[in-house]
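Enquirer: What follows is the file final-v8.cif, containing mmCIF, C-alpha atoms:
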data_structure
loop_
_atom_site.group_PDB
_atom_site.id
_atom_site.type_symbol
_atom_site.label_atom_id
_atom_site.label_comp_id
_atom_site.auth_asym_id
_atom_site.auth_seq_id
_atom_site.Cartn_x
_atom_site.Cartn_y
_atom_site.Cartn_z
ATOM 1 C CA MET A 1 210.293 -7.147 -116.348
ATOM 2 C CA LYS A 2 212.994 -4.664 -115.439
ATOM 3 C CA THR A 3 213.751 -3.933 -111.802
ATOM 4 C CA GLU A 4 212.640 -0.352 -112.287
ATOM 5 C CA ASP A 5 209.280 -1.478 -113.722
ATOM 6 C CA ILE A 6 208.747 -3.857 -110.817
ATOM 7 C CA LYS A 7 209.476 -1.153 -108.255
ATOM 8 C CA ASN A 8 207.187 1.255 -110.093
ATOM 9 C CA LEU A 9 204.290 -1.210 -110.135
ATOM 10 C CA PHE A 10 204.895 -2.152 -106.509
ATOM 11 C CA ASN A 11 204.621 1.487 -105.448
ATOM 12 C CA LYS A 12 201.453 1.950 -107.517
ATOM 13 C CA PHE A 13 199.755 -1.093 -106.000
ATOM 14 C CA GLU A 14 200.691 0.087 -102.514
ATOM 15 C CA SER A 15 199.533 3.649 -103.170
ATOM 16 C CA ILE A 16 195.961 2.736 -104.155
ATOM 17 C CA ALA A 17 195.371 0.407 -101.206
ATOM 18 C CA CYS A 18 192.708 1.749 -98.854
ATOM 19 C CA GLU A 19 190.729 0.700 -95.812
ATOM 20 C CA TYR A 20 187.109 -0.353 -96.289
ATOM 21 C CA GLN A 21 185.063 -1.320 -93.222
ATOM 22 C CA GLY A 22 188.283 -1.965 -91.333
ATOM 23 C CA VAL A 23 189.816 -4.211 -94.023
ATOM 24 C CA GLU A 24 192.623 -3.385 -96.446
ATOM 25 C CA CYS A 25 191.126 -3.248 -99.945
ATOM 26 C CA TRP A 26 191.661 -2.047 -103.510
ATOM 27 C CA SER A 27 189.066 -0.290 -105.650
ATOM 28 C CA ALA A 28 188.315 -2.425 -108.708
ATOM 29 C CA ARG A 29 187.967 0.742 -110.789
ATOM 30 C CA GLU A 30 191.455 1.874 -109.846
ATOM 31 C CA LEU A 31 192.887 -1.614 -110.217
ATOM 32 C CA CYS A 32 191.352 -1.941 -113.686
ATOM 33 C CA GLY A 33 193.720 0.505 -115.379
ATOM 34 C CA LEU A 34 196.670 -0.568 -113.275
ATOM 35 C CA LEU A 35 196.236 -4.132 -114.536
ATOM 36 C CA GLY A 36 196.292 -2.983 -118.152
ATOM 37 C CA TYR A 37 192.564 -3.007 -118.911
ATOM 38 C CA ALA A 38 191.320 -0.023 -120.879
ATOM 39 C CA LYS A 39 187.634 -0.970 -120.703
ATOM 40 C CA TRP A 40 185.752 -1.582 -117.467
ATOM 41 C CA GLU A 41 183.385 -3.994 -119.202
ATOM 42 C CA ARG A 42 186.230 -6.403 -119.981
ATOM 43 C CA PHE A 43 187.571 -6.134 -116.460
ATOM 44 C CA GLU A 44 184.116 -6.938 -115.066
ATOM 45 C CA GLY A 45 184.393 -10.286 -116.843
ATOM 46 C CA VAL A 46 187.655 -10.957 -114.983
ATOM 47 C CA ILE A 47 185.980 -10.064 -111.684
ATOM 48 C CA ALA A 48 183.085 -12.422 -112.481
ATOM 49 C CA ARG A 49 185.496 -15.305 -113.053
ATOM 50 C CA ALA A 50 187.360 -14.424 -109.856
ATOM 51 C CA LYS A 51 184.114 -14.448 -107.845
ATOM 52 C CA GLU A 52 183.258 -17.852 -109.293
ATOM 53 C CA ALA A 53 186.699 -19.169 -108.286
ATOM 54 C CA CYS A 54 186.139 -17.762 -104.803
ATOM 55 C CA GLU A 55 182.816 -19.574 -104.478
ATOM 56 C CA ASN A 56 184.325 -22.819 -105.810
ATOM 57 C CA ALA A 57 186.947 -22.571 -103.063
ATOM 58 C CA GLY A 58 184.155 -22.608 -100.495
ATOM 59 C CA VAL A 59 184.535 -18.915 -99.625
ATOM 60 C CA ASN A 60 181.652 -16.429 -99.652
ATOM 61 C CA PRO A 61 182.367 -13.935 -102.504
ATOM 62 C CA SER A 62 180.442 -11.160 -100.728
ATOM 63 C CA ASP A 63 183.101 -11.192 -98.003
ATOM 64 C CA HIS A 64 185.831 -10.349 -100.512
ATOM 65 C CA PHE A 65 184.022 -8.577 -103.390
ATOM 66 C CA PRO A 66 181.598 -6.149 -101.696
ATOM 67 C CA SER A 67 179.875 -3.745 -104.092
ATOM 68 C CA ALA A 68 180.653 -0.067 -103.589
ATOM 69 C CA GLY A 69 179.569 2.832 -105.784
ATOM 70 C CA LYS A 70 182.203 5.274 -106.992
ATOM 71 C CA MET A 71 181.639 8.887 -108.030
ATOM 72 C CA VAL A 72 183.306 9.857 -111.316
ATOM 73 C CA GLU A 73 183.509 13.210 -113.094
ATOM 74 C CA LEU A 74 181.985 13.452 -116.559
ATOM 75 C CA GLY A 75 183.268 15.570 -119.427
ATOM 76 C CA SER A 76 180.583 18.170 -118.739
ATOM 77 C CA GLY A 77 181.949 18.695 -115.259
ATOM 78 C CA SER A 78 179.068 16.892 -113.563
ATOM 79 C CA VAL A 79 179.526 13.686 -111.557
ATOM 80 C CA ARG A 80 177.663 10.410 -111.423
ATOM 81 C CA GLU A 81 177.921 7.167 -109.512
ATOM 82 C CA VAL A 82 179.286 4.063 -111.256
ATOM 83 C CA ALA A 83 179.537 0.465 -110.099
ATOM 84 C CA ASP A 84 182.670 -0.531 -108.219
ATOM 85 C CA TYR A 85 183.939 -3.276 -105.940
ATOM 86 C CA MET A 86 186.203 -3.092 -102.921
ATOM 87 C CA LEU A 87 188.536 -6.051 -103.346
ATOM 88 C CA THR A 88 190.351 -7.680 -100.436
ATOM 89 C CA ARG A 89 193.883 -9.016 -100.919
ATOM 90 C CA TYR A 90 192.429 -12.460 -101.531
ATOM 91 C CA ALA A 91 189.996 -11.063 -104.092
ATOM 92 C CA CYS A 92 192.827 -9.223 -105.846
ATOM 93 C CA TYR A 93 194.815 -12.447 -105.953
ATOM 94 C CA LEU A 94 191.891 -14.248 -107.609
ATOM 95 C CA VAL A 95 191.409 -11.379 -110.057
ATOM 96 C CA ALA A 96 195.080 -11.556 -111.024
ATOM 97 C CA GLN A 97 194.827 -15.328 -111.429
ATOM 98 C CA ASN A 98 191.879 -14.883 -113.814
ATOM 99 C CA GLY A 99 193.343 -11.973 -115.786
ATOM 100 C CA ASP A 100 195.152 -12.004 -119.120
ATOM 101 C CA PRO A 101 198.585 -13.562 -118.342
ATOM 102 C CA ARG A 102 200.058 -11.858 -121.415
ATOM 103 C CA LYS A 103 199.771 -8.505 -119.695
ATOM 104 C CA PRO A 104 202.948 -7.742 -117.697
ATOM 105 C CA GLU A 105 200.816 -5.973 -115.093
ATOM 106 C CA ILE A 106 198.819 -9.176 -114.525
ATOM 107 C CA SER A 107 202.004 -11.211 -114.237
ATOM 108 C CA PHE A 108 203.287 -8.822 -111.600
ATOM 109 C CA ALA A 109 199.967 -8.792 -109.729
ATOM 110 C CA GLN A 110 199.828 -12.587 -109.618
ATOM 111 C CA ASN A 111 203.134 -12.650 -107.777
ATOM 112 C CA TYR A 112 202.502 -9.526 -105.686
ATOM 113 C CA PHE A 113 199.178 -10.721 -104.264
ATOM 114 C CA ALA A 114 200.327 -14.361 -103.990
ATOM 115 C CA VAL A 115 203.133 -13.261 -101.676
ATOM 116 C CA GLN A 116 200.876 -10.987 -99.663
ATOM 117 C CA THR A 117 198.193 -13.655 -99.355
ATOM 118 C CA ARG A 118 200.805 -16.146 -98.255
ATOM 119 C CA VAL A 119 202.010 -13.717 -95.584
ATOM 120 C CA ALA A 120 198.445 -13.367 -94.294
ATOM 121 C CA GLU A 121 198.079 -17.159 -94.194
ATOM 122 C CA MET A 122 201.338 -17.478 -92.265
ATOM 123 C CA VAL A 123 200.210 -14.874 -89.742
ATOM 124 C CA GLU A 124 196.886 -16.659 -89.299
ATOM 125 C CA ARG A 125 198.653 -19.994 -88.796
ATOM 126 C CA ARG A 126 200.996 -18.477 -86.223
ATOM 127 C CA VAL A 127 198.083 -16.932 -84.296
ATOM 128 C CA LEU A 128 196.285 -20.296 -84.188
ATOM 129 C CA GLU A 129 199.455 -22.070 -83.070
ATOM 130 C CA TYR A 130 200.052 -19.474 -80.373
ATOM 131 C CA GLU A 131 196.475 -19.909 -79.099
ATOM 132 C CA ARG A 132 196.976 -23.670 -78.908
ATOM 133 C CA VAL A 133 200.233 -23.348 -76.961
ATOM 134 C CA LYS A 134 198.587 -20.826 -74.632
ATOM 135 C CA ALA A 135 195.639 -23.175 -74.068
ATOM 136 C CA ARG A 136 198.033 -26.022 -73.243
ATOM 137 C CA HIS A 137 199.868 -23.895 -70.657
ATOM 138 C CA LYS A 138 196.534 -22.868 -69.153
ATOM 139 C CA LEU A 139 195.460 -26.524 -68.819
ATOM 140 C CA ALA A 140 198.759 -27.353 -67.105
ATOM 141 C CA GLU A 141 198.183 -24.530 -64.603
ATOM 142 C CA THR A 142 194.597 -25.621 -63.962
ATOM 143 C CA GLU A 143 195.602 -29.248 -63.407
ATOM 144 C CA LYS A 144 198.416 -28.192 -61.075
ATOM 145 C CA LEU A 145 195.943 -26.147 -59.020
ATOM 146 C CA LEU A 146 193.416 -28.994 -59.033
ATOM 147 C CA SER A 147 196.096 -31.465 -57.918
ATOM 148 C CA GLY A 148 196.879 -29.219 -54.947
ATOM 149 C CA VAL A 149 193.215 -28.893 -54.007
ATOM 150 C CA LEU A 150 192.731 -32.644 -54.204
ATOM 151 C CA TYR A 151 195.867 -33.386 -52.196
ATOM 152 C CA GLU A 152 194.451 -31.374 -49.317
ATOM 153 C CA ARG A 153 191.346 -33.564 -49.498
ATOM 154 C CA GLY A 154 193.000 -36.965 -49.322
ATOM 155 C CA VAL A 155 193.859 -37.631 -52.967
ATOM 156 C CA ASP A 156 197.525 -38.323 -53.781
ATOM 157 C CA ASP A 157 199.284 -38.088 -57.158
ATOM 158 C CA LYS A 158 198.284 -41.607 -58.149
ATOM 159 C CA GLY A 159 194.667 -40.889 -57.251
ATOM 160 C CA PHE A 160 194.755 -37.645 -59.226
ATOM 161 C CA ALA A 161 196.040 -39.525 -62.309
ATOM 162 C CA ILE A 162 193.154 -42.004 -61.991
ATOM 163 C CA ILE A 163 190.588 -39.197 -61.645
ATOM 164 C CA ARG A 164 192.006 -37.372 -64.640
ATOM 165 C CA SER A 165 191.886 -40.562 -66.701
ATOM 166 C CA LYS A 166 188.250 -41.144 -65.725
ATOM 167 C CA GLY A 167 187.565 -37.598 -66.870
ATOM 168 C CA ASP A 168 189.123 -38.350 -70.268
ATOM 169 C CA GLN A 169 186.906 -41.425 -70.545
ATOM 170 C CA ALA A 170 183.826 -39.310 -69.889
ATOM 171 C CA LEU A 171 184.840 -36.547 -72.295
ATOM 172 C CA PHE A 172 186.155 -38.643 -75.198
ATOM 173 C CA HIS A 173 184.330 -41.953 -74.619
ATOM 174 C CA MET A 174 187.658 -43.796 -74.616
ATOM 175 C CA SER A 175 190.416 -44.407 -72.125
ATOM 176 C CA THR A 176 193.479 -42.161 -71.976
ATOM 177 C CA ALA A 177 195.583 -45.006 -73.411
ATOM 178 C CA MET A 178 193.206 -45.436 -76.354
ATOM 179 C CA LEU A 179 193.066 -41.679 -76.856
ATOM 180 C CA LYS A 180 196.874 -41.551 -76.972
ATOM 181 C CA ARG A 181 196.898 -44.169 -79.727
ATOM 182 C CA ARG A 182 194.160 -42.250 -81.526
ATOM 183 C CA VAL A 183 196.193 -39.015 -81.623
ATOM 184 C CA GLY A 184 199.626 -40.646 -81.923
ATOM 185 C CA ALA A 185 200.927 -39.558 -78.522
ATOM 186 C CA PRO A 186 203.896 -41.498 -77.065
ATOM 187 C CA ALA A 187 203.082 -43.505 -73.945
ATOM 188 C CA LYS A 188 205.159 -41.270 -71.661
ATOM 189 C CA ARG A 189 203.779 -37.973 -73.002
ATOM 190 C CA ALA A 190 200.644 -36.142 -71.876
ATOM 191 C CA VAL A 191 197.770 -36.746 -74.280
ATOM 192 C CA ALA A 192 196.889 -33.030 -74.139
ATOM 193 C CA ASP A 193 200.123 -32.251 -76.020
ATOM 194 C CA PHE A 194 198.581 -33.847 -79.113
ATOM 195 C CA LEU A 195 194.982 -32.655 -78.847
ATOM 196 C CA PRO A 196 193.474 -29.848 -80.953
ATOM 197 C CA THR A 197 192.893 -26.514 -79.229
ATOM 198 C CA ILE A 198 189.187 -27.028 -78.593
ATOM 199 C CA SER A 199 189.829 -30.382 -76.870
ATOM 200 C CA ILE A 200 192.522 -28.830 -74.683
ATOM 201 C CA LYS A 201 190.111 -26.071 -73.685
ATOM 202 C CA ALA A 202 187.372 -28.635 -73.034
ATOM 203 C CA LYS A 203 189.635 -30.530 -70.614
ATOM 204 C CA ASP A 204 190.598 -27.243 -68.975
ATOM 205 C CA PHE A 205 186.966 -26.165 -68.543
ATOM 206 C CA ALA A 206 186.013 -29.486 -66.929
ATOM 207 C CA ALA A 207 189.039 -29.352 -64.603
ATOM 208 C CA GLU A 208 188.187 -25.759 -63.639
ATOM 209 C CA MET A 209 184.650 -26.801 -62.719
ATOM 210 C CA THR A 210 185.961 -29.694 -60.659
ATOM 211 C CA SER A 211 188.351 -27.413 -58.784
ATOM 212 C CA VAL A 212 185.550 -24.958 -57.978
ATOM 213 C CA ASN A 213 182.927 -27.561 -57.041
ATOM 214 C CA VAL A 214 185.247 -29.664 -54.883
ATOM 215 C CA GLN A 215 185.817 -26.589 -52.736
ATOM 216 C CA GLN A 216 182.265 -25.258 -52.794
ATOM 217 C CA LYS A 217 180.745 -28.671 -52.028
ATOM 218 C CA ASP A 218 183.559 -29.480 -49.586
ATOM 219 C CA LEU A 219 184.194 -32.880 -51.182
ATOM 220 C CA HIS A 220 186.772 -35.307 -49.762
ATOM 221 C CA GLY A 221 188.193 -38.643 -50.900
ATOM 222 C CA MET A 222 188.476 -40.442 -54.214
ATOM 223 C CA THR A 223 184.866 -41.568 -54.666
ATOM 224 C CA SER A 224 183.062 -38.232 -54.396
ATOM 225 C CA ILE A 225 185.752 -36.226 -56.239
ATOM 226 C CA GLU A 226 186.006 -38.780 -59.053
ATOM 227 C CA LYS A 227 182.226 -38.613 -59.571
ATOM 228 C CA GLU A 228 182.351 -34.821 -59.612
ATOM 229 C CA HIS A 229 185.104 -34.785 -62.247
ATOM 230 C CA VAL A 230 183.356 -37.381 -64.407
ATOM 231 C CA ASP A 231 180.081 -35.438 -64.242
ATOM 232 C CA ASN A 232 181.831 -32.228 -65.262
ATOM 233 C CA ASN A 233 183.494 -33.891 -68.242
ATOM 234 C CA LYS A 234 180.160 -35.409 -69.280
ATOM 235 C CA ALA A 235 178.585 -31.942 -69.105
ATOM 236 C CA VAL A 236 181.323 -30.487 -71.313
ATOM 237 C CA ARG A 237 180.939 -33.364 -73.771
ATOM 238 C CA ASP A 238 177.152 -32.823 -73.953
ATOM 239 C CA MET A 239 177.736 -29.146 -74.661
ATOM 240 C CA LEU A 240 180.124 -29.966 -77.519
ATOM 241 C CA LEU A 241 177.775 -32.580 -78.960
ATOM 242 C CA SER A 242 174.903 -30.098 -78.894
ATOM 243 C CA ARG A 243 176.986 -27.900 -81.220
ATOM 244 C CA GLY A 244 177.816 -30.765 -83.563
ATOM 245 C CA ILE A 245 181.340 -31.372 -82.194
ATOM 246 C CA VAL A 246 182.308 -34.972 -81.382
ATOM 247 C CA PRO A 247 185.532 -34.741 -79.312
ATOM 248 C CA GLU A 248 186.960 -38.143 -80.212
ATOM 249 C CA GLN A 249 186.455 -37.518 -83.927
ATOM 250 C CA LEU A 250 188.484 -34.305 -84.071
ATOM 251 C CA PRO A 251 191.847 -34.545 -85.861
ATOM 252 C CA ALA A 252 194.961 -34.744 -83.709
ATOM 253 C CA GLY A 253 197.132 -31.680 -83.257
ATOM 254 C CA GLU A 254 200.845 -31.422 -83.920
ATOM 255 C CA ASP A 255 203.060 -32.066 -80.886
ATOM 256 C CA VAL A 256 202.540 -28.854 -78.909
ATOM 257 C CA LYS A 257 206.167 -28.860 -77.729
ATOM 258 C CA LYS A 258 207.320 -28.890 -81.344
ATOM 259 C CA VAL A 259 204.939 -26.018 -82.115
ATOM 260 C CA GLU A 260 206.248 -24.076 -79.126
ATOM 261 C CA ARG A 261 209.857 -24.535 -80.261
ATOM 262 C CA ARG A 262 208.960 -23.337 -83.762
ATOM 263 C CA LEU A 263 207.257 -20.232 -82.419
ATOM 264 C CA ALA A 264 210.262 -19.463 -80.237
ATOM 265 C CA SER A 265 212.622 -19.987 -83.175
ATOM 266 C CA ASP A 266 210.574 -17.690 -85.419
ATOM 267 C CA GLU A 267 210.582 -15.041 -82.707
ATOM 268 C CA LYS A 268 214.368 -15.146 -82.417
ATOM 269 C CA LYS A 269 214.682 -14.569 -86.166
ATOM 270 C CA VAL A 270 212.781 -11.283 -86.046
ATOM 271 C CA LEU A 271 214.123 -9.926 -82.748
ATOM 272 C CA PRO A 272 217.105 -7.558 -83.096
ATOM 273 C CA LYS A 273 220.438 -8.992 -82.051
ATOM 274 C CA LYS A 274 221.879 -7.552 -78.852
#
Let's see the structure in the file written out as structure tokens.
Expert:
Amino acid sequence: MKTEDIKNLFNKFESIACEYQGVECWSARELCGLLGYAKWERFEGVIARAKEACENAGVNPSDHFPSAGKMVELGSGSVREVADYMLTRYACYLVAQNGDPRKPEISFAQNYFAVQTRVAEMVERRVLEYERVKARHKLAETEKLLSGVLYERGVDDKGFAIIRSKGDQALFHMSTAMLKRRVGAPAKRAVADFLPTISIKAKDFAAEMTSVNVQQKDLHGMTSIEKEHVDNNKAVRDMLLSRGIVPEQLPAGEDVKKVERRLASDEKKVLPKK
């Protein structure tokens, strides 16, 4: 395709995008002609195949192919409602993938929506990575606060490490050392740096409860504080299990420090140079 044709199609695809229930969508009726289909009936067959591909991918088609009537003007000047679909970017990508590849418009659409879908996936990945890094920082702050509270109540750094390890045992049903081997964490690194987000938040929640209860119950010394922390971790574990989540069976997360460096590097690339 010529550069001019590509630019022309790009502008057309952008111009018919609209917002439907807060989501960027394209009207199937408008997309039909733009993709080189003269008859709606033939294009409906493409949509049907796209919906099937969506379902086979484990995604609910109704989330990406919602039905929406469209009013059209007849030759007599009157109007009537015809069937239409509001297609998300993902739906448009599947439609393009199931269209006639001989049509230059389909070829363009396959690439146009593939790029846009990839951008959306990258944004989603970055958001999830950011949430994990944020959760790890929050856990570090909570544990620092808890360490200070415990120090005032007769527990030194060594004692705090023991209590934290007993908490891991209660939450994951394995020792911290075993958990490190399970997630591939080096011996001298914190196991939380290699846990998935939900596990990091679970540890944080249990530590928060310990910090609050130690003060409210006015607990002192290793024995009573260790029991409190173990009980809190058991409570968090029971909550997760009740929702079908087994902490020790969750997949390990990428080294959170590596993720943090990648996020910082990506940010530098988009920030204007001073």
Enquirer: (191.1, -3.8, -107.1) in this file's frame - what residues fall within 9 Å of it? Use only C-alpha atoms and give the answer as a CSV table (one decimal) with C-alpha atoms, keeping the file's coordinate frame.
Expert:
chain,number,residue,atom,x,y,z
A,16,ILE,CA,196.0,2.7,-104.2
A,17,ALA,CA,195.4,0.4,-101.2
A,25,CYS,CA,191.1,-3.2,-99.9
A,26,TRP,CA,191.7,-2.0,-103.5
A,27,SER,CA,189.1,-0.3,-105.6
A,28,ALA,CA,188.3,-2.4,-108.7
A,29,ARG,CA,188.0,0.7,-110.8
A,30,GLU,CA,191.5,1.9,-109.8
A,31,LEU,CA,192.9,-1.6,-110.2
A,32,CYS,CA,191.4,-1.9,-113.7
A,34,LEU,CA,196.7,-0.6,-113.3
A,85,TYR,CA,183.9,-3.3,-105.9
A,86,MET,CA,186.2,-3.1,-102.9
A,87,LEU,CA,188.5,-6.1,-103.3
A,88,THR,CA,190.4,-7.7,-100.4
A,89,ARG,CA,193.9,-9.0,-100.9
A,91,ALA,CA,190.0,-11.1,-104.1
A,92,CYS,CA,192.8,-9.2,-105.8
A,95,VAL,CA,191.4,-11.4,-110.1
Enquirer: Could you check the closest approach to Val155 (chain A) for each of A:Ala83, A:Leu240, A:Val214, A:Leu250 and tell me which residue wins, using all atoms listed in the file?
Expert: A:Val214
Enquirer: Near Ser211 (chain A), counting only C-alpha atoms, which residues have an atom at most 12 Å away, once you skip same-chain residues fewer than 3 positions from it, shown as a PyMOL selection string?
Expert: chain A and resi 141-153+204-208+214-219+225-226+228-229+232
Enquirer: Enumerate, in order of chain and increasing residue number, the residues of region 104-155 of chain A with an atom no farther than 10 Å from region 187-198 of chain A, each with its shortest atom pair and distance in Å to one decimal, counting all atoms listed in the file, as CSV.
Expert:
residue,atom,partner,partner_atom,distance
A:Leu128,CA,A:Thr197,CA,8.6
A:Glu129,CA,A:Thr197,CA,8.8
A:Glu131,CA,A:Thr197,CA,7.5
A:Arg132,CA,A:Thr197,CA,5.0
A:Val133,CA,A:Thr197,CA,8.3
A:Lys134,CA,A:Thr197,CA,9.3
A:Ala135,CA,A:Thr197,CA,6.7
A:Arg136,CA,A:Asp193,CA,7.1
A:His137,CA,A:Asp193,CA,9.9
A:Leu139,CA,A:Ala192,CA,8.5
A:Ala140,CA,A:Ala192,CA,9.2
Enquirer: Find the distance between CA of Pro66 (chain A) and CA of Val127 (chain A) and write it in Å to one decimal.
Expert: 26.3 Å
Enquirer: What does the structure give for the distance between CA of Ser67 (chain A) and CA of Asp84 (chain A), in Å to one decimal?
Expert: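 Going from CA of Ser67 (chain A) over to CA of Asp84 (chain A) covers 5.9 Å.
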Enquirer: What residues come out when you apply the PyMOL selection byres ((chain A and resi 162-166) around 9) to this file, written as JSON, numbers by chain?
Expert: {"A": [143, 157, 158, 159, 160, 161, 167, 168, 169, 170, 171, 175, 176, 177, 207, 222, 225, 226, 227, 229, 230]}
Enquirer: Restricting the calculation to all atoms listed in the file: of A:Asn213, A:Gln249, A:Asn98, A:Ser242, which residue gets closest to Arg182 (chain A)?
Expert: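 For Arg182 (chain A), the nearest of the candidates is A:Gln249.
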Enquirer: Between A:Lys70, A:Tyr90, A:Lys180, A:Arg261, which is the closest to Val115 (chain A) once you count all atoms listed in the file?
Expert: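 Using all atoms listed in the file, the shortest distance to Val115 (chain A) belongs to A:Tyr90.
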Enquirer: Rounded to one decimal, what separation in Å do you get between CA of Glu52 (chain A) and CA of Gln97 (chain A)?
Expert: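 So the two atoms, CA of Glu52 (chain A) and CA of Gln97 (chain A), lie 12.0 Å apart.
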Enquirer: Need the shell around Ala109 (chain A): protein/DNA/RNA residues with any atom at most 10 Å away, counting all atoms listed in the file. Skip same-chain ones fewer than 2 positions apart. Format as a VMD selection string?
Expert: chain A and resid 9 to 10 13 34 to 35 92 to 97 99 101 103 to 107 111 to 115
Enquirer: Taking into account only C-alpha atoms, which residue in the set A:Tyr130, A:Glu19, A:Leu241, A:Met178 is nearest to Lys257 (chain A)?
Expert: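 Of all the options, A:Tyr130 lies closest to Lys257 (chain A).
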Enquirer: Could you work out an axis-aligned box for region 218-225 of chain A, taking every atom the file lists and adding 5 Å on each side, and report centre and edge lengths in Å to one decimal, as AutoDock Vina command-line options?
Expert:
--center_x 185.8 --center_y -35.5 --center_z -52.9 --size_x 15.4 --size_y 22.1 --size_z 16.7
Enquirer: So which one's closest to Ile6 (chain A), A:Trp40, A:Phe108, A:Val46, A:Ala53? Using all atoms listed in the file, please.
Expert: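 Selected residue with least distance to Ile6 (chain A): A:Phe108.
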Enquirer: With all atoms listed in the file counted, which protein, DNA or RNA residues have an atom no more than 6 Å from (185.1, -36.0, -78.2) in the file frame? Please answer as a ChimeraX atom specification.
Expert: /A:171-172,246-248
Enquirer: For a quick check of understanding, using only C-alpha atoms, which of A:Glu81, A:Lys39, A:Glu260, A:Tyr20 has the smallest distance to Phe65 (chain A)?
Expert: A:Tyr20
